[in-house]
>>> print(open('my_file.txt').read())   # compact mmCIF, C-alpha atoms and all ligand atoms
# COMPACT_ATOMS: atom_id res chain seq x y z
CA MET Q 80 -7.18 -16.14 -25.11
CA ALA Q 81 -5.92 -12.96 -23.42
CA ASP Q 82 -2.30 -12.91 -22.25
CA LEU Q 83 -1.92 -13.01 -18.50
CA ILE Q 84 0.06 -10.13 -17.00
CA ASP Q 85 1.85 -12.02 -14.25
CA GLY Q 86 2.17 -9.58 -11.34
CA ARG Q 87 3.98 -12.11 -9.16
CA ALA Q 88 6.75 -12.67 -11.72
CA ILE Q 89 7.09 -8.95 -12.52
CA ALA Q 90 7.20 -8.12 -8.78
CA ARG Q 91 9.90 -10.77 -8.25
CA GLN Q 92 11.97 -9.15 -10.98
CA LEU Q 93 11.52 -5.72 -9.40
CA ASP Q 94 12.54 -7.17 -6.02
CA GLU Q 95 15.74 -8.48 -7.58
CA GLU Q 96 16.53 -5.00 -8.88
CA THR Q 97 15.73 -3.53 -5.45
CA LYS Q 98 17.97 -6.09 -3.72
CA ALA Q 99 20.81 -5.26 -6.12
CA ALA Q 100 20.34 -1.54 -5.35
CA VAL Q 101 20.46 -2.28 -1.59
CA ASP Q 102 23.62 -4.37 -2.06
CA ASP Q 103 25.21 -1.50 -4.01
CA LEU Q 104 24.47 0.94 -1.17
CA VAL Q 105 25.93 -1.40 1.43
CA ALA Q 106 28.99 -2.10 -0.73
CA ALA Q 107 29.53 1.67 -0.95
CA GLY Q 108 29.67 1.83 2.87
CA HIS Q 109 26.14 3.07 3.57
CA ALA Q 110 23.74 1.53 6.07
CA ALA Q 111 21.05 -0.55 4.35
CA PRO Q 112 17.85 1.44 3.73
CA GLY Q 113 15.54 1.46 6.75
CA LEU Q 114 11.73 1.29 6.76
CA THR Q 115 9.67 1.83 9.91
CA VAL Q 116 6.07 0.65 9.97
CA ILE Q 117 3.56 1.97 12.51
CA LEU Q 118 0.52 -0.14 13.33
CA VAL Q 119 -2.16 1.31 15.59
CA GLY Q 120 -4.85 -1.00 16.95
CA ASP Q 121 -5.54 -4.64 16.18
CA ASP Q 122 -7.28 -4.69 12.79
CA PRO Q 123 -6.55 -8.26 11.58
CA ALA Q 124 -6.21 -7.29 7.90
CA SER Q 125 -3.75 -4.50 8.79
CA GLU Q 126 -1.73 -6.96 10.87
CA ILE Q 127 -1.45 -9.29 7.87
CA TYR Q 128 -0.43 -6.43 5.54
CA VAL Q 129 2.22 -5.22 7.98
CA ARG Q 130 3.61 -8.73 8.45
CA ARG Q 131 3.88 -9.12 4.66
CA LYS Q 132 5.64 -5.78 4.28
CA ILE Q 133 8.18 -6.63 6.98
CA ALA Q 134 8.84 -10.06 5.45
CA ALA Q 135 9.32 -8.44 2.04
CA CYS Q 136 11.89 -6.02 3.51
CA GLU Q 137 13.89 -8.96 4.82
CA ARG Q 138 13.92 -10.59 1.38
CA VAL Q 139 15.65 -7.62 -0.24
CA GLY Q 140 17.91 -6.57 2.65
CA ILE Q 141 15.97 -3.48 3.80
CA ARG Q 142 16.20 -2.95 7.57
CA SER Q 143 12.71 -2.81 9.02
CA SER Q 144 11.26 -1.97 12.39
CA LYS Q 145 7.71 -1.99 13.65
CA HIS Q 146 5.91 0.11 16.25
CA THR Q 147 2.74 -1.61 17.40
CA LEU Q 148 0.56 0.77 19.39
CA PRO Q 149 -2.74 0.09 21.15
CA ALA Q 150 -6.00 1.35 19.64
CA SER Q 151 -6.26 3.78 22.57
CA THR Q 152 -3.09 5.62 21.45
CA THR Q 153 -3.68 9.37 21.37
CA GLN Q 154 -3.10 11.44 18.26
CA ASP Q 155 -0.48 13.45 20.12
CA ALA Q 156 1.46 10.32 21.05
CA LEU Q 157 1.39 9.19 17.42
CA LEU Q 158 2.54 12.61 16.19
CA THR Q 159 5.37 12.57 18.74
CA LEU Q 160 6.53 9.17 17.47
CA ILE Q 161 6.41 10.40 13.86
CA ALA Q 162 8.42 13.52 14.77
CA ARG Q 163 11.08 11.29 16.33
CA LEU Q 164 11.21 9.04 13.25
CA ASN Q 165 11.32 12.08 10.94
CA ALA Q 166 14.49 13.20 12.75
CA ASP Q 167 16.13 9.75 12.83
CA PRO Q 168 18.76 9.46 10.07
CA GLU Q 169 18.60 5.65 10.23
CA VAL Q 170 14.97 5.76 9.11
CA HIS Q 171 14.49 6.40 5.38
CA GLY Q 172 10.86 5.43 5.02
CA ILE Q 173 7.91 5.75 7.41
CA LEU Q 174 4.66 3.94 6.76
CA CYS Q 175 1.64 4.42 8.99
CA GLN Q 176 -0.78 1.59 8.23
CA VAL Q 177 -4.35 2.76 7.59
CA PRO Q 178 -7.13 2.65 8.65
CA LEU Q 179 -6.34 4.43 11.92
CA PRO Q 180 -8.75 4.37 14.87
CA GLU Q 181 -11.62 6.86 14.51
CA HIS Q 182 -10.41 9.31 17.15
CA ILE Q 183 -7.27 9.96 15.08
CA ASP Q 184 -7.23 12.44 12.18
CA THR Q 185 -5.67 10.32 9.43
CA GLY Q 186 -4.89 13.30 7.18
CA LYS Q 187 -3.07 15.07 9.97
CA VAL Q 188 -1.00 11.99 10.82
CA LEU Q 189 -0.05 11.14 7.23
CA GLY Q 190 0.72 14.81 6.62
CA ALA Q 191 3.10 14.80 9.60
CA ILE Q 192 5.49 12.36 7.91
CA VAL Q 193 8.15 14.40 6.10
CA PRO Q 194 7.60 14.08 2.32
CA GLU Q 195 11.12 12.64 1.84
CA LYS Q 196 10.24 9.64 4.07
CA ASP Q 197 6.63 9.29 2.88
CA VAL Q 198 7.19 6.01 1.00
CA ASP Q 199 3.43 5.57 0.56
CA GLY Q 200 3.31 8.81 -1.43
CA PHE Q 201 0.23 10.08 0.44
CA HIS Q 202 1.66 13.39 1.76
CA PRO Q 203 0.02 16.44 0.11
CA VAL Q 204 3.45 17.59 -1.11
CA ASN Q 205 3.99 14.28 -2.94
CA VAL Q 206 0.42 14.39 -4.26
CA GLY Q 207 1.06 17.91 -5.54
CA ARG Q 208 4.34 16.91 -7.13
CA LEU Q 209 2.70 13.99 -8.86
CA SER Q 210 -0.11 16.11 -10.26
CA THR Q 211 2.31 18.77 -11.50
CA GLY Q 212 4.86 16.28 -12.81
CA THR Q 213 7.62 17.61 -10.59
CA GLY Q 214 9.06 14.48 -8.98
CA GLY Q 215 8.30 13.19 -5.51
CA ILE Q 216 7.37 9.74 -4.28
CA VAL Q 217 4.64 7.96 -6.25
CA PRO Q 218 2.03 5.91 -4.32
CA CYS Q 219 2.83 2.21 -4.51
CA THR Q 220 -0.28 0.75 -6.15
CA PRO Q 221 -0.45 3.35 -8.98
CA LEU Q 222 3.29 2.90 -9.60
CA GLY Q 223 2.72 -0.87 -9.71
CA VAL Q 224 -0.09 -0.39 -12.24
CA MET Q 225 2.21 1.65 -14.49
CA LYS Q 226 4.97 -0.94 -14.26
CA LEU Q 227 2.54 -3.72 -15.20
CA LEU Q 228 1.24 -1.70 -18.12
CA ALA Q 229 4.78 -0.97 -19.28
CA THR Q 230 5.29 -4.71 -19.85
CA VAL Q 231 2.58 -4.74 -22.54
CA VAL Q 232 2.43 -1.14 -23.85
CA ASP Q 233 5.39 0.37 -25.72
CA ASP Q 234 4.03 3.88 -25.98
CA PHE Q 235 1.00 5.42 -24.27
CA THR Q 236 0.84 8.44 -26.55
CA GLY Q 237 -2.77 9.07 -27.57
CA LYS Q 238 -4.01 5.77 -26.10
CA ASP Q 239 -7.61 5.92 -24.89
CA VAL Q 240 -7.60 4.91 -21.22
CA VAL Q 241 -10.54 4.57 -18.86
CA VAL Q 242 -9.84 4.60 -15.13
CA ILE Q 243 -12.74 3.31 -13.05
CA GLY Q 244 -12.57 4.83 -9.56
CA LYS Q 245 -11.33 8.24 -8.44
CA SER Q 246 -9.88 7.58 -5.00
CA ASN Q 247 -6.88 9.52 -3.79
CA ILE Q 248 -4.81 6.36 -3.37
CA VAL Q 249 -5.53 4.64 -6.69
CA GLY Q 250 -7.79 6.25 -9.30
CA LYS Q 251 -6.55 9.87 -9.26
CA PRO Q 252 -2.79 9.10 -9.11
CA VAL Q 253 -3.11 6.43 -11.82
CA ALA Q 254 -4.92 8.98 -14.01
CA ASN Q 255 -2.16 11.55 -13.42
CA LEU Q 256 0.58 9.07 -14.29
CA LEU Q 257 -1.22 8.08 -17.48
CA LEU Q 258 -1.78 11.71 -18.46
CA ASP Q 259 1.91 12.32 -17.92
CA ALA Q 260 2.61 9.41 -20.26
CA GLU Q 261 0.53 11.26 -22.92
CA ALA Q 262 -2.53 8.99 -22.78
CA THR Q 263 -6.06 10.37 -23.19
CA VAL Q 264 -7.62 9.58 -19.85
CA THR Q 265 -11.26 9.35 -18.80
CA VAL Q 266 -11.77 9.04 -15.05
CA THR Q 267 -15.08 7.48 -14.07
CA HIS Q 268 -16.80 6.73 -10.76
CA ILE Q 269 -19.97 5.50 -9.12
CA TYR Q 270 -22.07 8.34 -10.59
CA THR Q 271 -20.72 8.04 -14.14
CA GLU Q 272 -23.47 7.33 -16.62
CA GLY Q 273 -22.97 4.95 -19.54
CA LEU Q 274 -19.85 3.33 -18.08
CA ALA Q 275 -20.19 0.25 -20.31
CA GLU Q 276 -20.22 2.41 -23.45
CA ILE Q 277 -17.27 4.50 -22.21
CA CYS Q 278 -15.24 1.37 -21.49
CA ARG Q 279 -16.04 -0.12 -24.90
CA GLN Q 280 -14.02 2.69 -26.53
CA ALA Q 281 -10.96 2.10 -24.37
CA ASP Q 282 -7.58 0.74 -25.44
CA ILE Q 283 -6.76 0.30 -21.75
CA ILE Q 284 -9.06 -0.14 -18.74
CA VAL Q 285 -7.79 0.29 -15.18
CA ALA Q 286 -10.52 -0.93 -12.82
CA ALA Q 287 -10.18 0.31 -9.23
CA ALA Q 288 -13.73 0.41 -7.91
CA GLY Q 289 -13.90 -2.42 -5.39
CA ALA Q 290 -17.02 -3.68 -7.19
CA PRO Q 291 -16.72 -7.43 -7.88
CA ARG Q 292 -17.04 -8.42 -11.57
CA LEU Q 293 -18.19 -4.91 -12.52
CA VAL Q 294 -16.45 -4.96 -15.92
CA LYS Q 295 -18.32 -7.39 -18.14
CA GLY Q 296 -17.12 -9.02 -21.33
CA HIS Q 297 -19.24 -6.79 -23.59
CA TRP Q 298 -17.70 -3.66 -21.97
CA VAL Q 299 -14.31 -4.60 -23.44
CA LYS Q 300 -13.28 -4.13 -27.05
CA ASP Q 301 -11.19 -6.75 -28.83
CA GLY Q 302 -7.50 -6.36 -28.06
CA ALA Q 303 -7.90 -4.03 -25.07
CA ILE Q 304 -5.55 -4.21 -22.08
CA ILE Q 305 -7.08 -4.55 -18.62
CA ILE Q 306 -5.54 -3.92 -15.22
CA ASP Q 307 -7.75 -5.14 -12.38
CA VAL Q 308 -6.86 -3.34 -9.15
CA GLY Q 309 -10.01 -4.33 -7.28
CA ILE Q 310 -9.87 -6.82 -4.45
CA THR Q 311 -13.04 -7.88 -2.69
CA ARG Q 312 -13.18 -10.74 -0.21
CA VAL Q 313 -16.28 -12.88 -0.78
CA ALA Q 314 -17.47 -16.11 0.83
CA GLY Q 315 -16.53 -19.06 -1.37
CA GLU Q 316 -18.63 -22.20 -1.90
CA ASN Q 317 -16.26 -24.26 0.27
CA GLY Q 318 -16.85 -21.91 3.21
CA LYS Q 319 -13.47 -20.25 2.72
CA ASP Q 320 -13.18 -16.61 1.64
CA ARG Q 321 -11.83 -15.90 -1.82
CA LEU Q 322 -10.64 -12.72 -3.52
CA VAL Q 323 -12.57 -11.32 -6.47
CA GLY Q 324 -11.49 -8.51 -8.78
CA ASP Q 325 -13.49 -5.77 -10.50
CA VAL Q 326 -13.34 -7.58 -13.84
CA ALA Q 327 -15.34 -10.65 -14.93
CA PHE Q 328 -12.07 -12.36 -15.80
CA ASP Q 329 -13.64 -15.33 -17.64
CA GLU Q 330 -15.63 -12.96 -19.93
CA VAL Q 331 -12.69 -10.84 -21.13
CA GLN Q 332 -10.60 -13.42 -22.94
CA HIS Q 333 -10.96 -11.39 -26.18
CA ALA Q 334 -8.76 -8.72 -24.55
CA ALA Q 335 -5.07 -8.61 -25.48
CA ALA Q 336 -3.86 -8.85 -21.89
CA VAL Q 337 -5.35 -8.87 -18.41
CA THR Q 338 -4.12 -9.08 -14.82
CA PRO Q 339 -5.45 -11.85 -12.59
CA VAL Q 340 -6.80 -11.39 -9.05
CA PRO Q 341 -4.99 -12.46 -6.98
CA GLY Q 342 -1.50 -12.33 -8.52
CA GLY Q 343 -1.78 -9.12 -10.52
CA VAL Q 344 -1.56 -5.68 -8.95
CA GLY Q 345 -1.33 -6.93 -5.35
CA PRO Q 346 2.27 -8.21 -5.44
CA MET Q 347 3.39 -5.04 -7.26
CA THR Q 348 2.19 -2.81 -4.44
CA ILE Q 349 4.64 -4.26 -1.93
CA ALA Q 350 7.46 -4.44 -4.49
CA CYS Q 351 6.96 -0.72 -5.19
CA LEU Q 352 6.99 0.06 -1.46
CA LEU Q 353 10.43 -1.55 -1.29
CA SER Q 354 11.73 0.30 -4.33
CA ASN Q 355 10.32 3.59 -2.95
CA THR Q 356 12.23 2.95 0.30
CA VAL Q 357 15.48 2.46 -1.59
CA LYS Q 358 14.85 5.64 -3.60
CA ALA Q 359 14.24 7.54 -0.34
CA ALA Q 360 17.49 6.17 1.11
CA ARG Q 361 19.49 7.08 -1.99
CA ALA Q 362 18.09 10.60 -1.86
CA ALA Q 363 18.95 10.83 1.87
CA TYR Q 364 22.52 9.73 1.06
CA GLY Q 365 22.73 12.46 -1.57
CA ILE Q 366 23.14 9.97 -4.38
CA ASP Q 367 21.80 11.11 -7.74
CA THR Q 368 18.59 9.17 -7.84
CA ASN Q 369 18.19 10.07 -11.47
CA VAL Q 370 14.62 10.97 -10.68
CA SER Q 371 13.25 13.11 -13.45
CA ASN Q 372 9.58 12.89 -12.68
CA HIS Q 373 7.04 11.12 -10.50
CA GLY Q 374 9.62 9.21 -8.51
CA MET Q 375 10.44 7.18 -11.58
CA ASP Q 376 13.97 7.25 -12.80
CA ARG Q 377 14.65 8.33 -16.36
CA GLU Q 378 14.70 4.79 -17.76
CA GLU Q 379 11.35 4.00 -16.17
CA ARG Q 380 9.88 7.20 -17.48
CA ALA Q 381 11.29 6.65 -20.95
CA MET Q 382 9.69 3.21 -20.86
CA LEU Q 383 6.29 4.81 -20.26
CA THR Q 384 6.48 7.68 -22.71
CA GLY Q 385 8.56 6.03 -25.39
CA SER Q 386 11.01 8.92 -25.35
CA GLY Q 387 11.74 10.12 -21.84
CA ALA Q 388 11.23 13.74 -20.86
CA ARG Q 389 8.49 15.51 -22.78
CA PRO Q 390 6.95 18.93 -22.58
CA ASN Q 391 3.99 19.09 -20.20
P1 LIG Q 401 -12.41 3.59 -2.73
O1 LIG Q 401 -13.60 2.95 -2.13
O2 LIG Q 401 -11.68 4.66 -2.00
O3 LIG Q 401 -12.81 4.19 -4.16
C1 LIG Q 401 -13.59 3.46 -5.06
C2 LIG Q 401 -13.88 4.31 -6.27
O4 LIG Q 401 -14.58 3.51 -7.20
C3 LIG Q 401 -14.76 5.53 -5.99
O5 LIG Q 401 -14.28 6.62 -6.73
C4 LIG Q 401 -16.15 5.11 -6.47
O6 LIG Q 401 -16.90 6.21 -6.95
C5 LIG Q 401 -15.80 4.13 -7.58
N1 LIG Q 401 -16.81 3.09 -7.73
C6 LIG Q 401 -17.29 2.26 -6.76
N2 LIG Q 401 -18.22 1.44 -7.28
C7 LIG Q 401 -18.36 1.76 -8.58
C8 LIG Q 401 -19.18 1.30 -9.63
N3 LIG Q 401 -20.07 0.32 -9.44
N4 LIG Q 401 -19.04 1.86 -10.85
C9 LIG Q 401 -18.14 2.84 -11.06
N5 LIG Q 401 -17.33 3.34 -10.10
C10 LIG Q 401 -17.45 2.80 -8.88
O7 LIG Q 401 -11.44 2.38 -3.10
P2 LIG Q 401 -9.84 2.35 -3.37
O8 LIG Q 401 -9.14 2.46 -2.10
O9 LIG Q 401 -9.49 3.22 -4.51
O10 LIG Q 401 -9.70 0.82 -3.84
C11 LIG Q 401 -10.39 0.33 -4.99
C12 LIG Q 401 -10.22 -1.16 -5.07
O11 LIG Q 401 -8.84 -1.46 -5.24
C13 LIG Q 401 -10.64 -1.91 -3.80
O12 LIG Q 401 -11.17 -3.17 -4.18
C14 LIG Q 401 -9.35 -2.11 -3.06
O13 LIG Q 401 -9.38 -3.24 -2.21
C15 LIG Q 401 -8.40 -2.31 -4.20
N6 LIG Q 401 -7.01 -1.96 -3.88
C16 LIG Q 401 -6.07 -2.88 -4.21
C17 LIG Q 401 -4.76 -2.59 -3.94
C18 LIG Q 401 -3.72 -3.61 -4.31
O14 LIG Q 401 -2.63 -3.59 -3.81
N7 LIG Q 401 -4.03 -4.52 -5.23
C19 LIG Q 401 -4.38 -1.40 -3.35
C20 LIG Q 401 -5.37 -0.45 -3.07
C21 LIG Q 401 -6.70 -0.76 -3.35
>>> encode(input="my_file.txt", output="structure tokens")
Amino acid sequence: MADLIDGRAIARQLDEETKAAVDDLVAAGHAAPGLTVILVGDDPASEIYVRRKIAACERVGIRSSKHTLPASTTQDALLTLIARLNADPEVHGILCQVPLPEHIDTGKVLGAIVPEKDVDGFHPVNVGRLSTGTGGIVPCTPLGVMKLLATVVDDFTGKDVVVIGKSNIVGKPVANLLLDAEATVTVTHIYTEGLAEICRQADIIVAAAGAPRLVKGHWVKDGAIIIDVGITRVAGENGKDRLVGDVAFDEVQHAAAVTPVPGGVGPMTIACLLSNTVKAARAAYGIDTNVSNHGMDREERAMLTGSGARPN
């Protein structure tokens, strides 16, 4: 029976650390970190995500505010709002919920958020920093994946890792973080041939394809570790929707450890958003954030590499 990597419990622990960091800032006379969320349009899923993020802020003492704009909002109006938030010292993190309406250039809008307040880690400067190992804010889901892995892997050096999916928000940043932790990384995608065979070699599989039950039992070698990032909503037998991951969970019990869906990566994404916001606030207050690389502090990085800073 594979061990369950309990994302909810690990996220709760991270939230406690984040709350303690917020309390420390307030005790030192600083304003609590502030996160502003922008929601454009009325996409129901986005509304749920935003509500969850705001509720999570309240749990750890982060000040949050929300700008809800109609779907007809012009790109210029959105850019003007972002410019105002960029200049507001009370705002440490800005998150513009995607997808944006079609008439808005998403890249331009996300690129307008100053990198220091880009708590999603999507700004090209943060992407560049991540891929060159020179600090910056790490996107929340990839950071969550690394934190989950760190609970079951002592040292990534030389580990054979397969990442399924090469998106800018999950696959590529996860691959970069793993490379930085000295793993041997194979990034695969929809056009990869022989995926089953490639996965069978892997010590670790990170599945981020959005393809329900893609990873079958016979794709997984005994004792492998599996992180299932995928979330697909499918109609359940009882008429209610249910969430399905990219891994045939019931077939991979010969693995050493696996994340469930739901309750694996999902909770970590929001917990990492909160910790990114606190890191952004500490940096804005000029406090040594102890960030050596990839937005992770030295202890976090040492946890991943086994030794801390290493040559590139
Ligand atoms: P995406 O659609 O942008 O990218 C999917 C990637 O997977 C692509 O590179 C594609 O080539 C590859 N792919 C698709 N089908 C494949 C297949 N059959 N075989 C091999 N490769 C395949 O998706 P994304 O935004 O990276 O998200 C991936 C999944 O992760 C989705 O299910 C999404 O809902 C989920 N997700 C979860 C969280 C979370 O917090 N848990 C966060 C972000 C994304």
>>> closest_atom_pairs(input="my_file.txt", of="chain Q", to="ligand LIG 401 (chain Q)", cutoff="7 Å", atoms="all atoms listed in the file", output="JSON lines")
{"residue": "Q:Thr220", "atom": "CA", "partner": "Q:LIG401", "partner_atom": "C19", "distance": 5.4}
{"residue": "Q:Ile243", "atom": "CA", "partner": "Q:LIG401", "partner_atom": "N5", "distance": 5.5}
{"residue": "Q:Gly244", "atom": "CA", "partner": "Q:LIG401", "partner_atom": "O4", "distance": 3.4}
{"residue": "Q:Lys245", "atom": "CA", "partner": "Q:LIG401", "partner_atom": "O5", "distance": 3.8}
{"residue": "Q:Ser246", "atom": "CA", "partner": "Q:LIG401", "partner_atom": "O9", "distance": 4.4}
{"residue": "Q:Asn247", "atom": "CA", "partner": "Q:LIG401", "partner_atom": "O9", "distance": 6.9}
{"residue": "Q:Ile248", "atom": "CA", "partner": "Q:LIG401", "partner_atom": "O9", "distance": 5.7}
{"residue": "Q:Val249", "atom": "CA", "partner": "Q:LIG401", "partner_atom": "O9", "distance": 4.7}
{"residue": "Q:Gly250", "atom": "CA", "partner": "Q:LIG401", "partner_atom": "O9", "distance": 5.9}
{"residue": "Q:Thr267", "atom": "CA", "partner": "Q:LIG401", "partner_atom": "N5", "distance": 6.2}
{"residue": "Q:His268", "atom": "CA", "partner": "Q:LIG401", "partner_atom": "N5", "distance": 3.5}
{"residue": "Q:Ile269", "atom": "CA", "partner": "Q:LIG401", "partner_atom": "N5", "distance": 3.5}
{"residue": "Q:Tyr270", "atom": "CA", "partner": "Q:LIG401", "partner_atom": "O6", "distance": 6.7}
{"residue": "Q:Thr271", "atom": "CA", "partner": "Q:LIG401", "partner_atom": "C9", "distance": 6.6}
{"residue": "Q:Ala287", "atom": "CA", "partner": "Q:LIG401", "partner_atom": "C11", "distance": 4.2}
{"residue": "Q:Ala288", "atom": "CA", "partner": "Q:LIG401", "partner_atom": "O4", "distance": 3.3}
{"residue": "Q:Gly289", "atom": "CA", "partner": "Q:LIG401", "partner_atom": "O12", "distance": 3.1}
{"residue": "Q:Ala290", "atom": "CA", "partner": "Q:LIG401", "partner_atom": "N2", "distance": 5.3}
{"residue": "Q:Leu293", "atom": "CA", "partner": "Q:LIG401", "partner_atom": "N3", "distance": 6.4}
{"residue": "Q:Val308", "atom": "CA", "partner": "Q:LIG401", "partner_atom": "O11", "distance": 4.8}
{"residue": "Q:Gly309", "atom": "CA", "partner": "Q:LIG401", "partner_atom": "O12", "distance": 3.5}
{"residue": "Q:Ile310", "atom": "CA", "partner": "Q:LIG401", "partner_atom": "O12", "distance": 3.9}
{"residue": "Q:Thr311", "atom": "CA", "partner": "Q:LIG401", "partner_atom": "O12", "distance": 5.3}
{"residue": "Q:Val344", "atom": "CA", "partner": "Q:LIG401", "partner_atom": "N7", "distance": 4.6}
{"residue": "Q:Gly345", "atom": "CA", "partner": "Q:LIG401", "partner_atom": "N7", "distance": 3.6}
{"residue": "Q:Pro346", "atom": "CA", "partner": "Q:LIG401", "partner_atom": "O14", "distance": 6.9}
{"residue": "Q:Thr348", "atom": "CA", "partner": "Q:LIG401", "partner_atom": "O14", "distance": 4.9}
>>> closest_residue(input="my_file.txt", among="Q:Gly108, Q:Pro341, Q:Pro178, Q:Gly215", to="Q:Asp121", atoms="all atoms listed in the file")
Q:Pro178
>>> residues_around(input="my_file.txt", residues="stretch 332-337 of chain Q", least_positions_apart="4", cutoff="8 Å", atoms="all atoms listed in the file", output="PyMOL selection string")
chain Q and resi 80-84+231+299-307+328
>>> atom_distance(input="my_file.txt", atom1="atom CA of Q:Arg312", atom2="atom CA of Q:Ile216")
29.3 Å
>>> atom_distance(input="my_file.txt", atom1="atom CA of Q:Asp94", atom2="atom CA of Q:Ala262")
27.7 Å
>>> closest_residue(input="my_file.txt", among="Q:His146, Q:Arg138, Q:Lys98, Q:Lys226", to="Q:Asp85", atoms="only C-alpha atoms")
Q:Lys226
>>> residues_around(input="my_file.txt", residues="Q:Leu104", least_positions_apart="6", cutoff="12 Å", atoms="only C-alpha atoms", output="VMD selection string")
chain Q and resid 97 to 98 110 to 113 140 to 141 357 to 358 360 to 366
>>> atom_distance(input="my_file.txt", atom1="atom CA of Q:Asn355", atom2="atom CA of Q:Leu222")
9.7 Å
>>> closest_residue(input="my_file.txt", among="Q:Gly343, Q:Gly190, Q:Gly237, Q:Gly296", to="Q:Val204", atoms="only C-alpha atoms")
Q:Gly190
>>> residues_around(input="my_file.txt", residues="Q:Val129", least_positions_apart="2", cutoff="10 Å", atoms="all atoms listed in the file", output="ChimeraX atom specification")
/Q:116-118,123-127,131-135,145,174-176
>>> closest_residue(input="my_file.txt", among="Q:Ala254, Q:Val193, Q:Val224, Q:Val241", to="Q:Ile161", atoms="all atoms listed in the file")
Q:Val193
>>> closest_residue(input="my_file.txt", among="Q:Pro149, Q:Cys219, Q:Asp184, Q:Arg208", to="Q:Leu352", atoms="only C-alpha atoms")
Q:Cys219
>>> residues_around(input="my_file.txt", residues="Q:Arg292", least_positions_apart="3", cutoff="8 Å", atoms="only C-alpha atoms", output="MDAnalysis selection string")
chainID Q and resid 295 323:328
>>> residues_around(input="my_file.txt", residues="Q:Lys187", least_positions_apart="2", cutoff="12 Å", atoms="all atoms listed in the file", output="PDB file with C-alpha atoms, keeping the file's coordinate frame")
ATOM      1  CA  GLN Q 154      -3.100  11.440  18.260  1.00  0.00           C
ATOM      2  CA  ASP Q 155      -0.480  13.450  20.120  1.00  0.00           C
ATOM      3  CA  LEU Q 157       1.390   9.190  17.420  1.00  0.00           C
ATOM      4  CA  LEU Q 158       2.540  12.610  16.190  1.00  0.00           C
ATOM      5  CA  ILE Q 161       6.410  10.400  13.860  1.00  0.00           C
ATOM      6  CA  CYS Q 175       1.640   4.420   8.990  1.00  0.00           C
ATOM      7  CA  LEU Q 179      -6.340   4.430  11.920  1.00  0.00           C
ATOM      8  CA  HIS Q 182     -10.410   9.310  17.150  1.00  0.00           C
ATOM      9  CA  ILE Q 183      -7.270   9.960  15.080  1.00  0.00           C
ATOM     10  CA  ASP Q 184      -7.230  12.440  12.180  1.00  0.00           C
ATOM     11  CA  THR Q 185      -5.670  10.320   9.430  1.00  0.00           C
ATOM     12  CA  LEU Q 189      -0.050  11.140   7.230  1.00  0.00           C
ATOM     13  CA  GLY Q 190       0.720  14.810   6.620  1.00  0.00           C
ATOM     14  CA  ALA Q 191       3.100  14.800   9.600  1.00  0.00           C
ATOM     15  CA  ILE Q 192       5.490  12.360   7.910  1.00  0.00           C
ATOM     16  CA  VAL Q 193       8.150  14.400   6.100  1.00  0.00           C
ATOM     17  CA  PHE Q 201       0.230  10.080   0.440  1.00  0.00           C
ATOM     18  CA  HIS Q 202       1.660  13.390   1.760  1.00  0.00           C
ATOM     19  CA  PRO Q 203       0.020  16.440   0.110  1.00  0.00           C
TER      20      PRO Q 203
END
>>> axis_aligned_box(input="my_file.txt", around="stretch 308-312 of chain Q", padding_each_side="6 Å", output="AutoDock Vina command-line options")
--center_x -10.0 --center_y -7.0 --center_z -4.7 --size_x 18.3 --size_y 19.4 --size_z 20.9
>>> closest_residue(input="my_file.txt", among="Q:Val188, Q:Val285, Q:Ala100, Q:Val294", to="Q:Ile173", atoms="only C-alpha atoms")
Q:Val188
